[in-house]
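Colleague: One structure, pasted below without further comment.
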Protein chains: 2
Amino acid sequence: MNFCSHCGHTVRFAIPDGDDRPRHCCDECGTIHYQNPRIVAGTLPVSGSRVLLCRRAISPRKGFWTLPAGYMENAETTVEAAARETREEACAEVEIHGLYTLINLPHIDQVYMIFRADLAGSFDAGPESLEVALFEEHEIPWDELAFPTIERTLRHFYADRREAAFPLHVSDITAEDRERYFGSA
Amino acid sequence: MNFCSHCGHTVRFAIPDGDDRPRHCCDECGTIHYQNPRIVAGTLPVSGSRVLLCRRAISPRKGFWTLPAGYMENAETTVEAAARETREEACAEVEIHGLYTLINLPHIDQVYMIFRADLAGSFDAGPESLEVALFEEHEIPWDELAFPTIERTLRHFYADRREAAFPLHVSDITAEDRERYFGSA
């Protein structure tokens with residue numbers, strides 16, 4: 001951030017009075033530009049014994065498989081965001097159940113929120129997906145998943161399914177976890 | 001938003017190619033300035049049969065009682081944010097348990113996340129609090145609570161405490177709910 005989005009003056013990165021961390025501050029109009037983490041909302045859509053995955057048509061991780069998920073927008077709820085992303089990426093309607101994984105990624109300022117859902121009806125590849133398909137557990141492309149959040153959510157799901165109980169899982173993914181996951185890619 | 005924070009050019013509010021909603025777009029450098037909801041993280045600190053509340057020293061709702069909570073910062077987790085806010089507003093350390101209420105406020109682009117917690121040791125008023133105190137259920141100042149999210153979280157807590165089970169509660173507060181709550185204030 002170089003300029004004040006309110007008045008166009010150059011901003012200064014400094015700790016405001018009464019604060020304890022640096023912000024982008026405008027000395028001209030006095031605006032302090034706060035930056036905060038973003039929510040990535042999505043679903044784990046289930047159809048019988050199978051799970052729906054989308055193969056990404058866009059970067060990052062184009063060609064890799066993911067659960068339908070994306071940035072929550074203003075003026076919607078987390079459940080609405082999760083359903084909208086599922087509609088956009090998989091052309092699918094879902095019946096959403098509880099929040100299932102809440103994963104913090106502090107090194108990239110994201111919070112993932114994945115809801116368990118039942119697939120309701122048909123599906124198809126939306127503009128951000130190369131293909132959309134249903135997978136049995138033994139068919140999951142573990143080595144071709146797009147993000148560690150997706151792998152972790154699926155691992156929880158298959159472990160919990162054996163117990164027939166799906167509690168909320170809150171966890172973190174660090175920069176080190178992510179590097180291990182992506183290797184040198 | 002009037003100016004591009006990257007290059008300082010004036011921005012245009014229009015739907016970018018391939019998108020479906022208007023964003024602040026810079027025609028000079030091509031940056032699209034997305035705006036997304038913010039997380040408000042906090043705790044419900046419990047000490048024996050009592051709950052800790054803070055009386056706000058700052059607007060909005062100065063003088064009203066709240067649970068310690070505030071905007072999640074970049075580079076932290078939701079649990080870290082909840083603990084930090086408790087430390088800042090109530091000078092208190094807590095042992096955090098599960099996520100307890102997740103409340104969407106789509107009309108003001110906020111998502112509240114309140115964690116149940118055990119108070120560990122002493123407390124005091126931080127710079128944003130006029131006073132901090134412990135309340136039995138019959139002492140809760142229901143008519144002097146700062147926000148509907150706080151009232152709802154406390155109502156869930158006392159109902160759940162009678163059952164000795166504290167599941168996650170996901171819900172929404174609409175503009176109409178909020179207006180009813182604040183009345184003409």
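Letters A, B, ... mark the chains of the structure tokens in the order given; residue numbers begin at 1 per chain; ligand numbers begin at 1, in order shown.
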Give the residues of chain A that lie within 8 Å of chain B; count only C-alpha atoms, and format the answer as a PyMOL selection string.
Modeller: chain A and resi 1-9+35-39+71-78+104-109+111+172
Colleague: Suppose we keep N, CA and C atoms; can you now write the selection as a compact mmCIF listing (two decimals), in the first residue's frame?
Modeller:
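Below is the file that was written, again-v1.txt:
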```txt
# COMPACT_ATOMS: atom_id res chain seq x y z
N MET A 1 0.84 -1.20 0.00
CA MET A 1 0.00 0.00 0.00
C MET A 1 0.88 1.25 0.00
N ASN A 2 0.70 2.09 -1.01
CA ASN A 2 1.54 3.28 -1.18
C ASN A 2 0.76 4.58 -0.99
N PHE A 3 -0.53 4.55 -1.35
CA PHE A 3 -1.32 5.77 -1.35
C PHE A 3 -2.59 5.58 -0.53
N CYS A 4 -3.09 6.67 0.04
CA CYS A 4 -4.34 6.65 0.80
C CYS A 4 -5.50 6.46 -0.17
N SER A 5 -6.30 5.41 0.03
CA SER A 5 -7.41 5.15 -0.88
C SER A 5 -8.54 6.17 -0.69
N HIS A 6 -8.49 6.91 0.41
CA HIS A 6 -9.52 7.93 0.63
C HIS A 6 -9.17 9.26 -0.05
N CYS A 7 -7.93 9.78 0.18
CA CYS A 7 -7.59 11.13 -0.33
C CYS A 7 -6.48 11.12 -1.38
N GLY A 8 -5.79 9.98 -1.57
CA GLY A 8 -4.77 9.90 -2.61
C GLY A 8 -3.38 10.33 -2.19
N HIS A 9 -3.23 10.82 -0.96
CA HIS A 9 -1.92 11.22 -0.43
C HIS A 9 -1.07 9.97 -0.21
N GLN A 35 -5.62 -3.74 7.96
CA GLN A 35 -5.68 -4.93 7.11
C GLN A 35 -5.92 -6.14 8.00
N ASN A 36 -6.84 -6.99 7.60
CA ASN A 36 -7.28 -8.09 8.45
C ASN A 36 -7.36 -9.38 7.65
N PRO A 37 -7.34 -10.53 8.36
CA PRO A 37 -7.40 -11.82 7.66
C PRO A 37 -8.70 -11.99 6.87
N ARG A 38 -8.62 -12.83 5.85
CA ARG A 38 -9.80 -13.13 5.05
C ARG A 38 -10.28 -14.55 5.31
N ILE A 39 -11.60 -14.73 5.22
CA ILE A 39 -12.20 -16.05 5.40
C ILE A 39 -12.33 -16.73 4.04
N TYR A 71 -13.03 -17.04 -1.29
CA TYR A 71 -13.12 -15.92 -0.36
C TYR A 71 -14.57 -15.54 -0.10
N MET A 72 -14.90 -15.43 1.18
CA MET A 72 -16.20 -14.90 1.60
C MET A 72 -16.31 -13.44 1.15
N GLU A 73 -17.48 -13.06 0.65
CA GLU A 73 -17.73 -11.69 0.19
C GLU A 73 -18.44 -10.88 1.28
N ASN A 74 -18.33 -9.57 1.18
CA ASN A 74 -19.14 -8.71 2.03
C ASN A 74 -20.63 -9.00 1.81
N ALA A 75 -21.43 -8.72 2.83
CA ALA A 75 -22.89 -8.79 2.75
C ALA A 75 -23.44 -10.21 2.64
N GLU A 76 -22.61 -11.21 2.94
CA GLU A 76 -23.15 -12.57 2.99
C GLU A 76 -22.72 -13.23 4.31
N THR A 77 -23.35 -14.37 4.62
CA THR A 77 -22.97 -15.13 5.81
C THR A 77 -21.97 -16.21 5.40
N THR A 78 -21.33 -16.83 6.38
CA THR A 78 -20.36 -17.89 6.08
C THR A 78 -21.04 -19.06 5.37
N ASN A 104 -6.65 -22.10 10.68
CA ASN A 104 -5.96 -20.81 10.62
C ASN A 104 -4.67 -20.95 9.82
N LEU A 105 -4.43 -20.00 8.92
CA LEU A 105 -3.17 -19.94 8.17
C LEU A 105 -2.57 -18.55 8.39
N PRO A 106 -1.95 -18.34 9.57
CA PRO A 106 -1.54 -16.98 9.93
C PRO A 106 -0.46 -16.40 9.01
N HIS A 107 0.32 -17.24 8.35
CA HIS A 107 1.39 -16.72 7.49
C HIS A 107 0.85 -16.15 6.19
N ILE A 108 -0.41 -16.49 5.82
CA ILE A 108 -1.01 -15.89 4.63
C ILE A 108 -2.34 -15.19 4.97
N ASP A 109 -2.58 -14.98 6.27
CA ASP A 109 -3.73 -14.17 6.71
C ASP A 109 -5.05 -14.71 6.19
N VAL A 111 -8.35 -17.64 7.09
CA VAL A 111 -9.03 -18.58 7.98
C VAL A 111 -9.97 -19.41 7.11
N ASP A 172 -4.29 -25.22 13.08
CA ASP A 172 -3.49 -24.22 12.38
C ASP A 172 -2.61 -24.91 11.34
```
Colleague: Would you kindly return, as a VMD selection string, each protein, DNA or RNA residue with an atom no farther than 8 Å from any atom of A:Thr66, considering only C-alpha atoms and excluding same-chain residues fewer than 5 positions away?
Modeller: chain A and resid 53 to 56 145 to 147 150
Colleague: Considering only C-alpha atoms, return as JSON, numbers by chain whatever protein or nucleic-acid residues lie within 12 Å of A:Arg116, sequence-local ones (same chain, fewer than 4 positions apart) excluded.
Modeller: {"A": [41, 42, 43, 44, 45, 46, 47, 51, 52, 67, 68, 79, 82, 83, 86, 94, 95, 96, 97, 98, 99, 100, 101, 102, 153, 154, 156, 157, 160, 161, 165, 166, 167, 168, 169]}
Colleague: Once you have the residues from the selection above, write them out as a short mmCIF file (atom, residue, chain, number, x, y, z; two decimals), in the first residue's frame, restricted to N, CA, C and O atoms.
Modeller:
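Wrote it out as out.cif, contents follow:
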```cif
data_model
loop_
_atom_site.label_atom_id
_atom_site.label_comp_id
_atom_site.auth_asym_id
_atom_site.auth_seq_id
_atom_site.Cartn_x
_atom_site.Cartn_y
_atom_site.Cartn_z
N ALA A 41 -14.38 -19.75 2.65
CA ALA A 41 -15.51 -20.60 3.03
C ALA A 41 -15.75 -21.65 1.94
O ALA A 41 -15.63 -21.35 0.75
N GLY A 42 -16.08 -22.86 2.37
CA GLY A 42 -16.33 -23.91 1.38
C GLY A 42 -17.10 -25.07 1.99
O GLY A 42 -17.51 -25.02 3.15
N THR A 43 -17.33 -26.09 1.16
CA THR A 43 -18.07 -27.26 1.61
C THR A 43 -17.31 -28.55 1.32
O THR A 43 -16.44 -28.58 0.45
N LEU A 44 -17.68 -29.56 2.07
CA LEU A 44 -17.28 -30.95 1.83
C LEU A 44 -18.57 -31.65 1.40
O LEU A 44 -19.35 -32.12 2.24
N PRO A 45 -18.85 -31.68 0.09
CA PRO A 45 -20.15 -32.20 -0.37
C PRO A 45 -20.11 -33.73 -0.47
O PRO A 45 -19.24 -34.30 -1.14
N VAL A 46 -21.06 -34.38 0.19
CA VAL A 46 -21.10 -35.83 0.26
C VAL A 46 -22.32 -36.33 -0.50
O VAL A 46 -23.41 -35.75 -0.42
N SER A 47 -22.11 -37.42 -1.28
CA SER A 47 -23.22 -38.07 -1.98
C SER A 47 -23.08 -39.56 -1.73
O SER A 47 -22.20 -40.22 -2.30
N VAL A 51 -17.39 -38.37 -2.15
CA VAL A 51 -17.13 -36.94 -1.88
C VAL A 51 -16.87 -36.23 -3.21
O VAL A 51 -16.19 -36.77 -4.08
N LEU A 52 -17.41 -35.02 -3.32
CA LEU A 52 -17.22 -34.23 -4.55
C LEU A 52 -15.94 -33.41 -4.47
O LEU A 52 -15.69 -32.72 -3.47
N LEU A 67 -11.67 -29.08 -2.62
CA LEU A 67 -13.08 -28.91 -2.26
C LEU A 67 -13.52 -27.53 -2.74
O LEU A 67 -12.72 -26.59 -2.77
N PRO A 68 -14.81 -27.38 -3.10
CA PRO A 68 -15.26 -26.04 -3.52
C PRO A 68 -15.16 -25.05 -2.36
O PRO A 68 -15.75 -25.27 -1.30
N VAL A 79 -22.25 -19.41 5.80
CA VAL A 79 -22.99 -20.50 5.16
C VAL A 79 -23.36 -20.13 3.72
O VAL A 79 -23.23 -20.94 2.80
N ALA A 82 -20.21 -20.38 1.58
CA ALA A 82 -19.86 -21.77 1.29
C ALA A 82 -20.77 -22.34 0.19
O ALA A 82 -20.30 -23.01 -0.74
N ALA A 83 -22.07 -22.05 0.28
CA ALA A 83 -23.02 -22.54 -0.73
C ALA A 83 -22.76 -21.87 -2.08
O ALA A 83 -22.82 -22.52 -3.13
N THR A 86 -19.77 -23.36 -3.80
CA THR A 86 -20.09 -24.70 -4.31
C THR A 86 -20.89 -24.58 -5.61
O THR A 86 -20.67 -25.34 -6.57
N VAL A 94 -26.27 -27.65 -2.38
CA VAL A 94 -25.95 -28.51 -1.24
C VAL A 94 -26.86 -28.18 -0.06
O VAL A 94 -27.32 -27.04 0.07
N GLU A 95 -27.09 -29.18 0.77
CA GLU A 95 -27.73 -28.94 2.06
C GLU A 95 -26.61 -28.90 3.09
O GLU A 95 -25.91 -29.92 3.30
N ILE A 96 -26.40 -27.76 3.70
CA ILE A 96 -25.24 -27.57 4.57
C ILE A 96 -25.53 -28.01 6.00
O ILE A 96 -26.58 -27.65 6.57
N HIS A 97 -24.62 -28.81 6.57
CA HIS A 97 -24.71 -29.21 7.97
C HIS A 97 -23.74 -28.35 8.77
O HIS A 97 -23.51 -27.20 8.42
N GLY A 98 -23.14 -28.90 9.79
CA GLY A 98 -22.33 -28.09 10.70
C GLY A 98 -21.01 -27.63 10.11
O GLY A 98 -20.52 -28.16 9.11
N LEU A 99 -20.43 -26.63 10.76
CA LEU A 99 -19.05 -26.25 10.49
C LEU A 99 -18.16 -27.44 10.87
O LEU A 99 -18.32 -28.01 11.94
N TYR A 100 -17.24 -27.80 9.98
CA TYR A 100 -16.49 -29.03 10.20
C TYR A 100 -15.00 -28.80 10.46
O TYR A 100 -14.45 -29.35 11.41
N THR A 101 -14.33 -28.02 9.62
CA THR A 101 -12.95 -27.64 9.94
C THR A 101 -12.81 -26.12 9.92
O THR A 101 -13.37 -25.44 9.05
N LEU A 102 -12.08 -25.63 10.91
CA LEU A 102 -11.72 -24.21 11.01
C LEU A 102 -10.20 -24.21 11.07
O LEU A 102 -9.63 -24.65 12.07
N THR A 153 -8.81 -31.64 5.85
CA THR A 153 -10.26 -31.78 6.00
C THR A 153 -10.70 -33.18 5.58
O THR A 153 -11.52 -33.83 6.26
N LEU A 154 -10.15 -33.69 4.48
CA LEU A 154 -10.52 -35.04 4.02
C LEU A 154 -10.02 -36.11 4.99
O LEU A 154 -10.72 -37.09 5.26
N HIS A 156 -9.61 -35.80 8.25
CA HIS A 156 -10.55 -35.77 9.38
C HIS A 156 -11.84 -36.50 9.01
O HIS A 156 -12.36 -37.28 9.81
N PHE A 157 -12.33 -36.24 7.82
CA PHE A 157 -13.63 -36.79 7.42
C PHE A 157 -13.60 -38.32 7.41
O PHE A 157 -14.50 -38.97 7.96
N ASP A 160 -13.31 -39.63 10.98
CA ASP A 160 -14.56 -39.44 11.72
C ASP A 160 -15.69 -40.33 11.19
O ASP A 160 -16.56 -40.75 11.96
N ARG A 161 -15.68 -40.60 9.90
CA ARG A 161 -16.75 -41.41 9.33
C ARG A 161 -16.75 -42.81 9.92
O ARG A 161 -17.81 -43.41 10.11
N ALA A 165 -19.17 -39.80 13.80
CA ALA A 165 -19.34 -38.54 14.54
C ALA A 165 -18.42 -37.51 13.91
O ALA A 165 -17.26 -37.82 13.61
N PHE A 166 -18.94 -36.29 13.73
CA PHE A 166 -18.21 -35.28 12.97
C PHE A 166 -18.09 -33.97 13.76
O PHE A 166 -18.72 -32.98 13.43
N PRO A 167 -17.27 -33.98 14.82
CA PRO A 167 -17.11 -32.76 15.60
C PRO A 167 -16.33 -31.71 14.81
O PRO A 167 -15.62 -32.03 13.85
N LEU A 168 -16.45 -30.45 15.23
CA LEU A 168 -15.64 -29.37 14.65
C LEU A 168 -14.17 -29.61 14.99
O LEU A 168 -13.82 -29.93 16.13
N HIS A 169 -13.30 -29.44 14.01
CA HIS A 169 -11.84 -29.53 14.21
C HIS A 169 -11.23 -28.15 14.00
O HIS A 169 -11.31 -27.61 12.88
#
```
Colleague: Pick the closest to A:Phe182 from A:Arg12, A:Arg23, A:Arg50, A:Arg61: which is it, counting only C-alpha atoms?
Modeller: A:Arg61
Colleague: Using only C-alpha atoms, which of the listed residues (B:Asp20, B:Glu131, B:Glu89, B:Glu80) sits closest to B:Met113?
Modeller: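 Among the listed residues, B:Glu80 lies closest to B:Met113.
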Colleague: What residues in stretch 13-184 of chain A get the DSSP label alpha helix (DSSP H)? Please answer as a PyMOL selection string.
Modeller: chain A and resi 78-90+148-163+175-182
Colleague: Excluding A:Ala125 and its own-chain neighbours fewer than 4 positions away, which residues fall within 7 Å of it when counting only C-alpha atoms? Please give them as JSON, numbers by chain.
Modeller: {"A": [89, 90, 91, 129, 130, 131, 132]}
Colleague: Those residues with N, CA, C and O atoms, as a compact mmCIF listing (two decimals), in the first residue's frame please?
Modeller:
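Saved result, part-v4.txt, follows:
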```
# COMPACT_ATOMS: atom_id res chain seq x y z
N GLU A 89 -18.28 -23.22 -8.41
CA GLU A 89 -17.19 -24.10 -8.84
C GLU A 89 -17.67 -25.47 -9.30
O GLU A 89 -17.00 -26.12 -10.09
N ALA A 90 -18.81 -25.92 -8.77
CA ALA A 90 -19.29 -27.26 -9.09
C ALA A 90 -20.72 -27.28 -9.62
O ALA A 90 -21.28 -28.36 -9.81
N CYS A 91 -21.29 -26.11 -9.86
CA CYS A 91 -22.67 -26.01 -10.36
C CYS A 91 -23.61 -26.90 -9.53
O CYS A 91 -24.52 -27.54 -10.08
N SER A 129 -13.34 -24.49 -12.75
CA SER A 129 -13.00 -25.91 -12.61
C SER A 129 -12.79 -26.55 -13.98
O SER A 129 -13.55 -26.29 -14.91
N LEU A 130 -11.77 -27.42 -14.08
CA LEU A 130 -11.56 -28.21 -15.29
C LEU A 130 -12.52 -29.38 -15.34
O LEU A 130 -13.02 -29.75 -16.39
N GLU A 131 -12.73 -30.01 -14.17
CA GLU A 131 -13.72 -31.08 -14.06
C GLU A 131 -14.15 -31.20 -12.61
O GLU A 131 -13.48 -30.72 -11.70
N VAL A 132 -15.29 -31.83 -12.42
CA VAL A 132 -15.84 -32.06 -11.08
C VAL A 132 -16.24 -33.52 -11.05
O VAL A 132 -16.85 -34.02 -12.01
```
